[in-house]
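Undergrad: Sharing protein-v4.pdb below, PDB, C-alpha atoms:
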ATOM      1  CA  MET A   1      -4.234  -3.700  14.998
ATOM      2  CA  THR A   2      -7.803  -4.037  13.769
ATOM      3  CA  PRO A   3      -9.518  -2.267  10.872
ATOM      4  CA  THR A   4     -10.778   1.148  11.893
ATOM      5  CA  LEU A   5     -13.569   3.305  10.588
ATOM      6  CA  VAL A   6     -11.776   6.510   9.734
ATOM      7  CA  ARG A   7     -13.416   9.926   9.714
ATOM      8  CA  HIS A   8     -11.549  12.503   7.686
ATOM      9  CA  HIS A   9     -12.036  16.248   7.517
ATOM     10  CA  ARG A  10     -14.349  17.429   4.731
ATOM     11  CA  TYR A  11     -12.964  20.035   2.392
ATOM     12  CA  ALA A  12     -15.029  23.028   1.386
ATOM     13  CA  ASP A  13     -14.794  22.113  -2.290
ATOM     14  CA  SER A  14     -14.168  18.398  -2.708
ATOM     15  CA  SER A  15     -14.055  18.747  -6.491
ATOM     16  CA  ALA A  16     -11.092  21.120  -6.376
ATOM     17  CA  THR A  17      -7.705  19.876  -7.511
ATOM     18  CA  VAL A  18      -6.017  18.052  -4.646
ATOM     19  CA  ASP A  19      -2.281  18.666  -4.332
ATOM     20  CA  ALA A  20       0.236  15.882  -3.816
ATOM     21  CA  GLY A  21       0.665  16.668  -0.130
ATOM     22  CA  THR A  22      -3.064  16.479   0.558
ATOM     23  CA  ARG A  23      -3.404  13.208  -1.327
ATOM     24  CA  ALA A  24      -0.446  11.714   0.535
ATOM     25  CA  ARG A  25      -2.047  12.674   3.824
ATOM     26  CA  ASP A  26      -5.363  11.171   2.698
ATOM     27  CA  TRP A  27      -3.449   7.937   2.092
ATOM     28  CA  ALA A  28      -1.732   8.070   5.474
ATOM     29  CA  GLU A  29      -4.775   9.109   7.501
ATOM     30  CA  ILE A  30      -7.529   7.173   5.729
ATOM     31  CA  GLN A  31      -6.436   4.386   3.408
ATOM     32  CA  GLU A  32      -3.106   2.936   4.480
ATOM     33  CA  ARG A  33      -4.366   1.369   7.692
ATOM     34  CA  MET A  34      -6.777  -0.809   5.716
ATOM     35  CA  LEU A  35      -3.768  -2.991   4.884
ATOM     36  CA  ALA A  36      -2.580  -3.282   8.496
ATOM     37  CA  PRO A  37      -4.034  -6.824   8.876
ATOM     38  CA  LEU A  38      -1.890  -7.872   5.903
ATOM     39  CA  TYR A  39       1.269  -6.456   7.460
ATOM     40  CA  GLU A  40       0.564  -8.064  10.804
ATOM     41  CA  ALA A  41      -0.250 -11.473   9.319
ATOM     42  CA  VAL A  42       3.049 -11.491   7.416
ATOM     43  CA  TYR A  43       5.055 -10.397  10.450
ATOM     44  CA  GLN A  44       3.436 -13.002  12.656
ATOM     45  CA  ARG A  45       4.093 -15.780  10.167
ATOM     46  CA  LEU A  46       7.736 -14.759   9.728
ATOM     47  CA  GLU A  47       8.253 -14.045  13.441
ATOM     48  CA  VAL A  48       9.556 -10.554  12.724
ATOM     49  CA  GLY A  49      11.470  -9.235  15.725
ATOM     50  CA  ALA A  50      14.837  -8.055  16.998
ATOM     51  CA  ALA A  51      16.759 -10.319  14.621
ATOM     52  CA  THR A  52      14.998  -8.846  11.571
ATOM     53  CA  ARG A  53      16.666  -6.289   9.312
ATOM     54  CA  MET A  54      13.952  -5.281   6.860
ATOM     55  CA  LEU A  55      13.919  -3.248   3.667
ATOM     56  CA  SER A  56      10.475  -2.188   2.437
ATOM     57  CA  ILE A  57      10.174  -1.465  -1.293
ATOM     58  CA  GLY A  58       7.563   1.256  -1.834
ATOM     59  CA  CYS A  59       7.215   1.963   1.890
ATOM     60  CA  GLY A  60       4.797   4.850   1.378
ATOM     61  CA  SER A  61       3.968   6.755   4.550
ATOM     62  CA  GLY A  62       5.583   4.116   6.708
ATOM     63  CA  LEU A  63       2.851   2.237   8.557
ATOM     64  CA  ALA A  64       4.311  -1.187   7.724
ATOM     65  CA  LEU A  65       7.717   0.013   8.912
ATOM     66  CA  LEU A  66       6.227   1.380  12.120
ATOM     67  CA  ILE A  67       4.544  -1.929  12.936
ATOM     68  CA  ALA A  68       7.745  -3.873  12.233
ATOM     69  CA  ALA A  69       9.821  -1.483  14.344
ATOM     70  CA  ALA A  70       7.365  -1.908  17.216
ATOM     71  CA  ARG A  71       8.177  -5.623  17.087
ATOM     72  CA  GLY A  72      11.881  -4.821  17.477
ATOM     73  CA  ALA A  73      12.953  -5.014  13.831
ATOM     74  CA  ARG A  74      15.529  -2.686  12.319
ATOM     75  CA  VAL A  75      13.793  -1.136   9.338
ATOM     76  CA  ALA A  76      14.565   0.799   6.188
ATOM     77  CA  GLY A  77      12.252   1.958   3.430
ATOM     78  CA  VAL A  78      12.499   3.327  -0.097
ATOM     79  CA  ASP A  79       9.847   5.122  -2.119
ATOM     80  CA  THR A  80       9.683   7.430  -5.128
ATOM     81  CA  ASP A  81       6.770   9.422  -3.637
ATOM     82  CA  ARG A  82       8.435  12.256  -1.709
ATOM     83  CA  GLU A  83       5.188  13.401  -0.081
ATOM     84  CA  ARG A  84       4.402   9.984   1.377
ATOM     85  CA  LEU A  85       8.012   9.551   2.436
ATOM     86  CA  ALA A  86       7.886  12.881   4.283
ATOM     87  CA  LEU A  87       4.949  11.548   6.307
ATOM     88  CA  ALA A  88       6.907   8.367   7.019
ATOM     89  CA  ARG A  89       9.684  10.522   8.427
ATOM     90  CA  GLU A  90       7.190  12.270  10.703
ATOM     91  CA  ARG A  91       6.038   8.880  12.010
ATOM     92  CA  LEU A  92       9.388   7.163  12.374
ATOM     93  CA  LEU A  93      11.817  10.011  12.971
ATOM     94  CA  PRO A  94       9.966  12.774  14.849
ATOM     95  CA  ASP A  95      11.836  15.897  15.942
ATOM     96  CA  THR A  96      11.806  14.668  19.526
ATOM     97  CA  GLY A  97      13.985  11.712  18.550
ATOM     98  CA  TRP A  98      13.505   8.035  17.830
ATOM     99  CA  ASP A  99      11.266   6.172  20.267
ATOM    100  CA  GLY A 100      14.159   3.886  21.140
ATOM    101  CA  GLY A 101      15.512   6.675  23.325
ATOM    102  CA  PRO A 102      18.968   8.242  23.640
ATOM    103  CA  ASP A 103      20.651   4.862  24.069
ATOM    104  CA  GLN A 104      19.326   3.580  20.730
ATOM    105  CA  PRO A 105      22.341   3.124  18.407
ATOM    106  CA  ALA A 106      22.108   5.261  15.279
ATOM    107  CA  ALA A 107      22.565   2.193  13.083
ATOM    108  CA  GLU A 108      19.363   0.707  14.512
ATOM    109  CA  GLN A 109      17.193   3.747  13.824
ATOM    110  CA  PRO A 110      14.796   3.625  10.854
ATOM    111  CA  ARG A 111      16.307   4.635   7.513
ATOM    112  CA  LEU A 112      14.257   6.222   4.720
ATOM    113  CA  PHE A 113      15.461   6.826   1.170
ATOM    114  CA  VAL A 114      13.991   8.508  -1.910
ATOM    115  CA  GLY A 115      14.145   6.336  -5.022
ATOM    116  CA  GLY A 116      14.541   2.623  -5.659
ATOM    117  CA  PRO A 117      16.275  -0.085  -3.623
ATOM    118  CA  SER A 118      19.734   1.036  -4.773
ATOM    119  CA  ALA A 119      19.211   4.207  -2.728
ATOM    120  CA  ALA A 120      19.502   2.055   0.405
ATOM    121  CA  ALA A 121      22.846   0.562  -0.618
ATOM    122  CA  ALA A 122      24.927   2.554   1.872
ATOM    123  CA  ALA A 123      22.836   1.437   4.831
ATOM    124  CA  ALA A 124      22.942  -2.162   3.630
ATOM    125  CA  GLY A 125      26.728  -2.052   3.815
ATOM    126  CA  GLU A 126      26.556  -2.053   7.613
ATOM    127  CA  ALA A 127      24.710  -5.373   7.661
ATOM    128  CA  PRO A 128      22.726  -7.097   4.904
ATOM    129  CA  TYR A 129      18.943  -7.117   5.006
ATOM    130  CA  ASN A 130      17.299 -10.464   5.793
ATOM    131  CA  LEU A 131      13.718  -9.504   4.904
ATOM    132  CA  LEU A 132      12.512  -7.676   1.803
ATOM    133  CA  THR A 133       8.869  -6.633   1.496
ATOM    134  CA  ALA A 134       6.797  -5.236  -1.360
ATOM    135  CA  PHE A 135       3.516  -4.336   0.316
ATOM    136  CA  ASN A 136       1.971  -2.408  -2.590
ATOM    137  CA  PRO A 137      -0.576  -5.002  -3.821
ATOM    138  CA  ILE A 138      -0.330  -5.866  -7.506
ATOM    139  CA  GLY A 139      -2.882  -7.490  -9.798
ATOM    140  CA  CYS A 140      -5.318  -4.606 -10.078
ATOM    141  CA  VAL A 141      -3.924  -2.353 -12.815
ATOM    142  CA  THR A 142      -2.531  -3.563 -16.119
ATOM    143  CA  GLY A 143       1.255  -3.443 -15.960
ATOM    144  CA  ASP A 144       1.406  -2.709 -12.232
ATOM    145  CA  SER A 145       4.042  -5.422 -11.770
ATOM    146  CA  GLU A 146       6.354  -4.364 -14.598
ATOM    147  CA  GLY A 147       8.708  -2.339 -12.430
ATOM    148  CA  LEU A 148       8.604  -4.701  -9.470
ATOM    149  CA  SER A 149      10.864  -7.457 -10.786
ATOM    150  CA  PRO A 150      13.807  -5.103 -11.501
ATOM    151  CA  ALA A 151      13.322  -3.481  -8.092
ATOM    152  CA  LEU A 152      13.392  -6.882  -6.433
ATOM    153  CA  GLU A 153      16.547  -7.858  -8.308
ATOM    154  CA  SER A 154      18.204  -4.647  -7.122
ATOM    155  CA  ALA A 155      17.059  -5.185  -3.539
ATOM    156  CA  VAL A 156      18.243  -8.800  -3.429
ATOM    157  CA  ARG A 157      21.775  -7.582  -4.091
ATOM    158  CA  LEU A 158      21.598  -5.703  -0.762
ATOM    159  CA  ALA A 159      20.367  -8.736   1.171
ATOM    160  CA  ALA A 160      21.919 -11.764   2.812
ATOM    161  CA  ARG A 161      21.926 -15.014   0.900
ATOM    162  CA  GLY A 162      18.656 -16.890   1.335
ATOM    163  CA  THR A 163      16.796 -13.752   2.367
ATOM    164  CA  THR A 164      12.999 -13.927   2.705
ATOM    165  CA  VAL A 165      11.063 -11.815   0.193
ATOM    166  CA  VAL A 166       7.342 -11.040   0.541
ATOM    167  CA  LEU A 167       5.131 -10.032  -2.397
ATOM    168  CA  THR A 168       1.496  -8.973  -2.049
ATOM    169  CA  GLY A 169      -1.498  -8.770  -4.370
ATOM    170  CA  TRP A 170      -5.253  -8.381  -4.572
ATOM    171  CA  GLY A 171      -7.313 -11.484  -3.997
ATOM    172  CA  PRO A 172      -9.903 -12.924  -6.404
ATOM    173  CA  PRO A 173     -12.456 -10.288  -7.481
ATOM    174  CA  GLU A 174     -15.305 -12.393  -6.088
ATOM    175  CA  ARG A 175     -13.670 -12.019  -2.668
ATOM    176  CA  CYS A 176     -13.045  -8.267  -3.015
ATOM    177  CA  ALA A 177     -16.078  -6.032  -2.617
ATOM    178  CA  THR A 178     -13.976  -3.081  -3.769
ATOM    179  CA  ALA A 179     -13.431  -4.606  -7.229
ATOM    180  CA  PRO A 180     -16.629  -3.173  -8.824
ATOM    181  CA  VAL A 181     -15.791   0.265  -7.421
ATOM    182  CA  LEU A 182     -12.323   0.121  -8.963
ATOM    183  CA  ARG A 183     -13.868  -0.718 -12.333
ATOM    184  CA  VAL A 184     -15.255   2.832 -12.389
ATOM    185  CA  ALA A 185     -11.724   4.032 -13.110
ATOM    186  CA  ALA A 186     -11.327   1.725 -16.110
ATOM    187  CA  ARG A 187     -14.720   2.642 -17.535
ATOM    188  CA  LEU A 188     -14.135   6.402 -17.296
ATOM    189  CA  ALA A 189     -10.634   6.176 -18.719
ATOM    190  CA  GLU A 190     -11.690   3.944 -21.604
ATOM    191  CA  SER A 191     -14.749   6.041 -22.460
ATOM    192  CA  ALA A 192     -12.545   9.086 -22.948
ATOM    193  CA  ARG A 193      -9.785   7.077 -24.629
ATOM    194  CA  ALA A 194      -7.264   8.687 -22.341
ATOM    195  CA  PRO A 195      -3.654   8.473 -23.522
ATOM    196  CA  ARG A 196      -1.355   6.428 -21.300
ATOM    197  CA  SER A 197      -4.318   5.226 -19.262
ATOM    198  CA  ALA A 198      -3.789   2.149 -17.117
ATOM    199  CA  GLY A 199      -6.638  -0.309 -17.411
ATOM    200  CA  LEU A 200      -7.861  -2.050 -14.296
ATOM    201  CA  ARG A 201      -8.171  -5.818 -14.466
ATOM    202  CA  ALA A 202      -9.041  -8.719 -12.225
ATOM    203  CA  ALA A 203      -6.236 -10.279 -10.227
ATOM    204  CA  ARG A 204      -4.968 -13.550 -11.686
ATOM    205  CA  ARG A 205      -4.091 -16.603  -9.666
ATOM    206  CA  ASP A 206      -0.414 -16.607 -10.668
ATOM    207  CA  ASP A 207       0.360 -12.863 -10.651
ATOM    208  CA  LEU A 208       2.697 -13.081  -7.660
ATOM    209  CA  GLU A 209       4.329 -16.285  -8.851
ATOM    210  CA  ASP A 210       5.027 -14.692 -12.242
ATOM    211  CA  VAL A 211       6.786 -11.743 -10.610
ATOM    212  CA  ALA A 212       8.794 -14.077  -8.372
ATOM    213  CA  ALA A 213       9.912 -16.135 -11.371
ATOM    214  CA  ARG A 214      11.036 -13.048 -13.308
ATOM    215  CA  ALA A 215      13.043 -11.867 -10.297
ATOM    216  CA  GLY A 216      14.658 -15.274  -9.804
ATOM    217  CA  LEU A 217      12.937 -15.937  -6.470
ATOM    218  CA  LYS A 218      11.809 -19.319  -5.168
ATOM    219  CA  PRO A 219       8.251 -19.439  -3.704
ATOM    220  CA  ASP A 220       8.142 -20.823  -0.183
ATOM    221  CA  GLY A 221       4.527 -20.472   0.926
ATOM    222  CA  SER A 222       1.578 -18.138   0.644
ATOM    223  CA  GLY A 223      -1.471 -16.932   2.507
ATOM    224  CA  ARG A 224      -4.668 -14.897   2.290
ATOM    225  CA  VAL A 225      -5.696 -12.133   4.667
ATOM    226  CA  SER A 226      -9.017 -10.378   5.178
ATOM    227  CA  CYS A 227      -8.582  -6.603   4.843
ATOM    228  CA  PRO A 228     -11.972  -4.888   5.032
ATOM    229  CA  PHE A 229     -12.100  -1.290   3.835
ATOM    230  CA  GLY A 230     -14.116   0.597   6.451
ATOM    231  CA  TYR A 231     -14.900   4.322   6.385
ATOM    232  CA  ALA A 232     -16.858   6.515   8.745
ATOM    233  CA  ASP A 233     -18.689   8.302   5.923
ATOM    234  CA  MET A 234     -18.907   8.590   2.145
ATOM    235  CA  ASP A 235     -16.545  11.561   1.965
ATOM    236  CA  SER A 236     -13.790   9.595   3.719
ATOM    237  CA  ALA A 237     -14.378   6.600   1.449
ATOM    238  CA  VAL A 238     -14.071   8.633  -1.750
ATOM    239  CA  ARG A 239     -10.974  10.509  -0.597
ATOM    240  CA  GLY A 240      -9.341   7.337   0.668
ATOM    241  CA  LEU A 241      -9.868   5.424  -2.561
ATOM    242  CA  LEU A 242      -8.702   8.306  -4.743
ATOM    243  CA  SER A 243      -5.521   8.556  -2.661
ATOM    244  CA  THR A 244      -4.463   5.093  -3.884
ATOM    245  CA  GLY A 245      -3.588   6.403  -7.350
ATOM    246  CA  LEU A 246      -5.797   3.777  -8.991
ATOM    247  CA  PHE A 247      -8.172   6.477 -10.245
ATOM    248  CA  ASP A 248      -5.541   8.806 -11.705
ATOM    249  CA  SER A 249      -6.218   7.737 -15.301
ATOM    250  CA  ALA A 250      -9.923   8.424 -14.846
ATOM    251  CA  VAL A 251      -9.220  11.880 -13.401
ATOM    252  CA  ARG A 252      -6.976  12.702 -16.374
ATOM    253  CA  ALA A 253      -9.621  11.443 -18.779
ATOM    254  CA  THR A 254     -12.528  13.374 -17.260
ATOM    255  CA  ASP A 255     -12.166  15.521 -14.141
ATOM    256  CA  ARG A 256     -11.946  14.928 -10.419
ATOM    257  CA  SER A 257     -15.530  15.961  -9.652
ATOM    258  CA  GLN A 258     -16.891  13.445 -12.179
ATOM    259  CA  VAL A 259     -14.739  10.664 -10.735
ATOM    260  CA  GLU A 260     -15.764  11.523  -7.171
ATOM    261  CA  LYS A 261     -19.447  11.471  -8.176
ATOM    262  CA  GLU A 262     -19.252   8.077  -9.901
ATOM    263  CA  VAL A 263     -17.131   6.505  -7.172
ATOM    264  CA  ALA A 264     -19.698   7.637  -4.594
ATOM    265  CA  GLU A 265     -22.480   6.059  -6.676
ATOM    266  CA  ALA A 266     -20.526   2.794  -6.918
ATOM    267  CA  LEU A 267     -20.019   2.851  -3.149
ATOM    268  CA  HIS A 268     -23.730   3.275  -2.426
ATOM    269  CA  PRO A 269     -24.455  -0.499  -2.071
ATOM    270  CA  HIS A 270     -21.779  -0.643   0.631
ATOM    271  CA  ARG A 271     -23.170   2.236   2.670
ATOM    272  CA  ARG A 272     -24.771   1.063   5.902
ATOM    273  CA  PRO A 273     -27.784   2.651   7.649
ATOM    274  CA  ASP A 274     -25.529   4.588  10.034
ATOM    275  CA  GLY A 275     -23.706   6.230   7.109
ATOM    276  CA  THR A 276     -20.528   4.176   7.357
ATOM    277  CA  VAL A 277     -19.088   2.398   4.315
ATOM    278  CA  TRP A 278     -17.864  -1.200   4.632
ATOM    279  CA  MET A 279     -16.320  -3.433   1.948
ATOM    280  CA  PRO A 280     -14.884  -6.884   2.759
ATOM    281  CA  ASN A 281     -11.727  -7.704   0.778
ATOM    282  CA  VAL A 282      -9.134 -10.467   0.663
ATOM    283  CA  PHE A 283      -5.479  -9.884  -0.147
ATOM    284  CA  ARG A 284      -2.848 -12.479  -0.922
ATOM    285  CA  TYR A 285       0.830 -12.686  -0.024
ATOM    286  CA  LEU A 286       3.619 -14.875  -1.370
ATOM    287  CA  VAL A 287       6.710 -15.740   0.690
ATOM    288  CA  CYS A 288       9.828 -16.344  -1.394
ATOM    289  CA  VAL A 289      13.507 -17.057  -0.832
ATOM    290  CA  SER A 290      16.201 -15.251  -2.783
TER     291      SER A 290
END
Using structure tokens, write down the structure from this file.
TA:
Amino acid sequence: MTPTLVRHHRYADSSATVDAGTRARDWAEIQERMLAPLYEAVYQRLEVGAATRMLSIGCGSGLALLIAAARGARVAGVDTDRERLALARERLLPDTGWDGGPDQPAAEQPRLFVGGPSAAAAAAGEAPYNLLTAFNPIGCVTGDSEGLSPALESAVRLAARGTTVVLTGWGPPERCATAPVLRVAARLAESARAPRSAGLRAARRDDLEDVAARAGLKPDGSGRVSCPFGYADMDSAVRGLLSTGLFDSAVRATDRSQVEKEVAEALHPHRRPDGTVWMPNVFRYLVCVS
């Protein structure tokens, strides 16, 4: 799968409050596919296929699960975002039945659970997972890795001994054209001194290794993947970026219309003559063994 320029419908009043369902769909329809090269690079390196039983921590709207299932893997995902998880169900478990057909054993169908890794404990009892993934990139927001280590520890208990664990993070800011755009969120939040605001920061070289060490995992290789963010127009770019949740503190500190306006201004250098928006980025992954 290659990066795609995504055109999204324009809302009559883009400054209006966007409900959770709309934002989840913005993520699924616009932003999530920007990370598809990362998913595919990891799966190719690990030779994900019919022998793989994967649990995805923070599976979102399910694109990574869908790609793994297409390679023959048995997949399960957990997420605390009910709206994104509902979209994952639409993708993986449509009303017409699982794509595997009527002969597909129920135990091999995708499993989706609300909550943390412990929610998938019952399914793990049938056979332990042998691949754990955390595809939500860390290293962008202060404290964004704090809950990951406990989640990994919980997930490892559901996995076979020596299971492969994959962590992902943002690459160096000089390799991520989106980094200056993300700094808009920090500036707006700090200027208003918003309570409980999460400050954005540059990714550090050892972010993933630090998380692995806290979770008791042993690093076993790493890689970098180019994941350009490409949008068909400015409206799609703004909606896609705001769907990530990285601008929530700025929206609380000011208002959505102000954030949209300043994000669009920050995106202007990346707007091409045909109106599309293109930002080269590099993401990093760390392969570990439990």
Undergrad: Using only C-alpha atoms, can you tell me which of A:Pro137, A:Pro128, A:Leu182, A:Arg25 comes closest to Arg157 of chain A?
TA: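 Distance minimum relative to Arg157 of chain A lands on A:Pro128.
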Undergrad: Which residue out of A:Thr133, A:Ser243, A:Ser149, A:Thr142 has the minimum interatomic distance to Ala20 of chain A when only C-alpha atoms are used?
TA: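 Looking only at the distances to Ala20 of chain A, the closest residue turns out to be A:Ser243.
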Undergrad: Could you check which of A:Gly139, A:Gly147, A:Gly223, A:Gly169 is closest to Leu46 of chain A, using only C-alpha atoms?
TA: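 With only C-alpha atoms as the atom set, the closest residue is A:Gly223.
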Undergrad: At a cut-off of 10 Å, using only C-alpha atoms, what residues contact Val114 of chain A? Leave out same-chain residues fewer than 4 positions from it and give the result as an MDAnalysis selection string.
TA: chainID A and resid 58 77:82 85:86 118:120
Undergrad: What gap, in Å, lies between atom CA of Val277 of chain A and atom CA of Glu265 of chain A?
TA: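 Value for the atom CA of Val277 of chain A-atom CA of Glu265 of chain A distance: 12.1 Å.
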Undergrad: Name all residues at most 8 Å from segment 210-217 of chain A (count all atoms listed in the file; drop same-chain ones fewer than 3 positions away) and give them as a list of chain:residue names.
TA: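 Near segment 210-217 of chain A, the qualifying residues are A:Ser145, A:Leu148, A:Ser149, A:Pro150, A:Leu152, A:Glu153, A:Asp206, A:Asp207, A:Cys288, A:Val289, A:Ser290.
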Undergrad: Keeping C-alpha atoms for every residue in the selection just given, could you write it to a file as a PDB file, in the frame of the given file?
TA:
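Result file is out-v2.pdb:
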ATOM      1  CA  SER A 145       4.042  -5.422 -11.770  1.00  0.00           C
ATOM      2  CA  LEU A 148       8.604  -4.701  -9.470  1.00  0.00           C
ATOM      3  CA  SER A 149      10.864  -7.457 -10.786  1.00  0.00           C
ATOM      4  CA  PRO A 150      13.807  -5.103 -11.501  1.00  0.00           C
ATOM      5  CA  LEU A 152      13.392  -6.882  -6.433  1.00  0.00           C
ATOM      6  CA  GLU A 153      16.547  -7.858  -8.308  1.00  0.00           C
ATOM      7  CA  ASP A 206      -0.414 -16.607 -10.668  1.00  0.00           C
ATOM      8  CA  ASP A 207       0.360 -12.863 -10.651  1.00  0.00           C
ATOM      9  CA  CYS A 288       9.828 -16.344  -1.394  1.00  0.00           C
ATOM     10  CA  VAL A 289      13.507 -17.057  -0.832  1.00  0.00           C
ATOM     11  CA  SER A 290      16.201 -15.251  -2.783  1.00  0.00           C
TER      12      SER A 290
END
Undergrad: As an exercise, work out the distance from atom CA of Arg284 of chain A to atom CA of Ser222 of chain A in Å and give it to one decimal place.
TA: 7.4 Å
Undergrad: Nearest to Arg256 of chain A among A:Phe229, A:Lys218, A:Ala50, A:Ala185, with distances taken over all atoms listed in the file: which residue is it?
TA: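 The answer is A:Ala185, which sits nearest to Arg256 of chain A.
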Undergrad: Give as an MDAnalysis selection string the residues that the PyMOL selection byres ((chain A and resi 280) around 10) matches when applied to the coordinates above.
TA: chainID A and resid 175:178 226:230 270 278:279 281:282
Undergrad: Running the PyMOL selection byres ((chain A and resi 75) around 7) on this model by hand, what would come out? Give it as a PyMOL selection string.
TA: chain A and resi 53-55+65+69+73-74+76-77+110-111
Undergrad: Please write the residues picked by the PyMOL selection byres ((chain A and resi 246) around 10) on this file as a PDB file with C-alpha atoms, in the coordinates of the input.
TA:
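File produced: selection35.pdb:
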ATOM      1  CA  CYS A 140      -5.318  -4.606 -10.078  1.00  0.00           C
ATOM      2  CA  VAL A 141      -3.924  -2.353 -12.815  1.00  0.00           C
ATOM      3  CA  LEU A 182     -12.323   0.121  -8.963  1.00  0.00           C
ATOM      4  CA  ARG A 183     -13.868  -0.718 -12.333  1.00  0.00           C
ATOM      5  CA  ALA A 185     -11.724   4.032 -13.110  1.00  0.00           C
ATOM      6  CA  ALA A 186     -11.327   1.725 -16.110  1.00  0.00           C
ATOM      7  CA  ALA A 198      -3.789   2.149 -17.117  1.00  0.00           C
ATOM      8  CA  GLY A 199      -6.638  -0.309 -17.411  1.00  0.00           C
ATOM      9  CA  LEU A 200      -7.861  -2.050 -14.296  1.00  0.00           C
ATOM     10  CA  LEU A 241      -9.868   5.424  -2.561  1.00  0.00           C
ATOM     11  CA  LEU A 242      -8.702   8.306  -4.743  1.00  0.00           C
ATOM     12  CA  SER A 243      -5.521   8.556  -2.661  1.00  0.00           C
ATOM     13  CA  THR A 244      -4.463   5.093  -3.884  1.00  0.00           C
ATOM     14  CA  GLY A 245      -3.588   6.403  -7.350  1.00  0.00           C
ATOM     15  CA  PHE A 247      -8.172   6.477 -10.245  1.00  0.00           C
ATOM     16  CA  ASP A 248      -5.541   8.806 -11.705  1.00  0.00           C
ATOM     17  CA  SER A 249      -6.218   7.737 -15.301  1.00  0.00           C
ATOM     18  CA  ALA A 250      -9.923   8.424 -14.846  1.00  0.00           C
ATOM     19  CA  VAL A 251      -9.220  11.880 -13.401  1.00  0.00           C
TER      20      VAL A 251
END
Undergrad: Just the residues within 10 Å of Arg91 of chain A, please, counting all atoms listed in the file, with nothing from its chain fewer than 6 positions along; format it as a VMD selection string.
TA: chain A and resid 61 to 63 65 to 66 85 98
Undergrad: Identify which of the residues A:Arg71, A:Glu32, A:Ala24, A:Ile138 lies closest to Gly171 of chain A, counting only C-alpha atoms when measuring atom-to-atom distances.
TA: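 Looking only at the distances to Gly171 of chain A, the closest residue turns out to be A:Ile138.
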Undergrad: Please write out, as lines of an AutoDock Vina configuration file, where the centre of an axis-aligned box around all listed atoms of segment 21-28 of chain A lies and how long its edges are, in Å to one decimal, after adding 6 Å on each side.
TA:
center_x = -2.3
center_y = 12.3
center_z = 2.1
size_x = 18.0
size_y = 20.7
size_z = 18.8
Undergrad: Rounded to one decimal place, report the atom CA of Ala28 of chain A-atom CA of Glu90 of chain A distance in Å.
TA: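 Distance between the two atoms: 11.2 Å.
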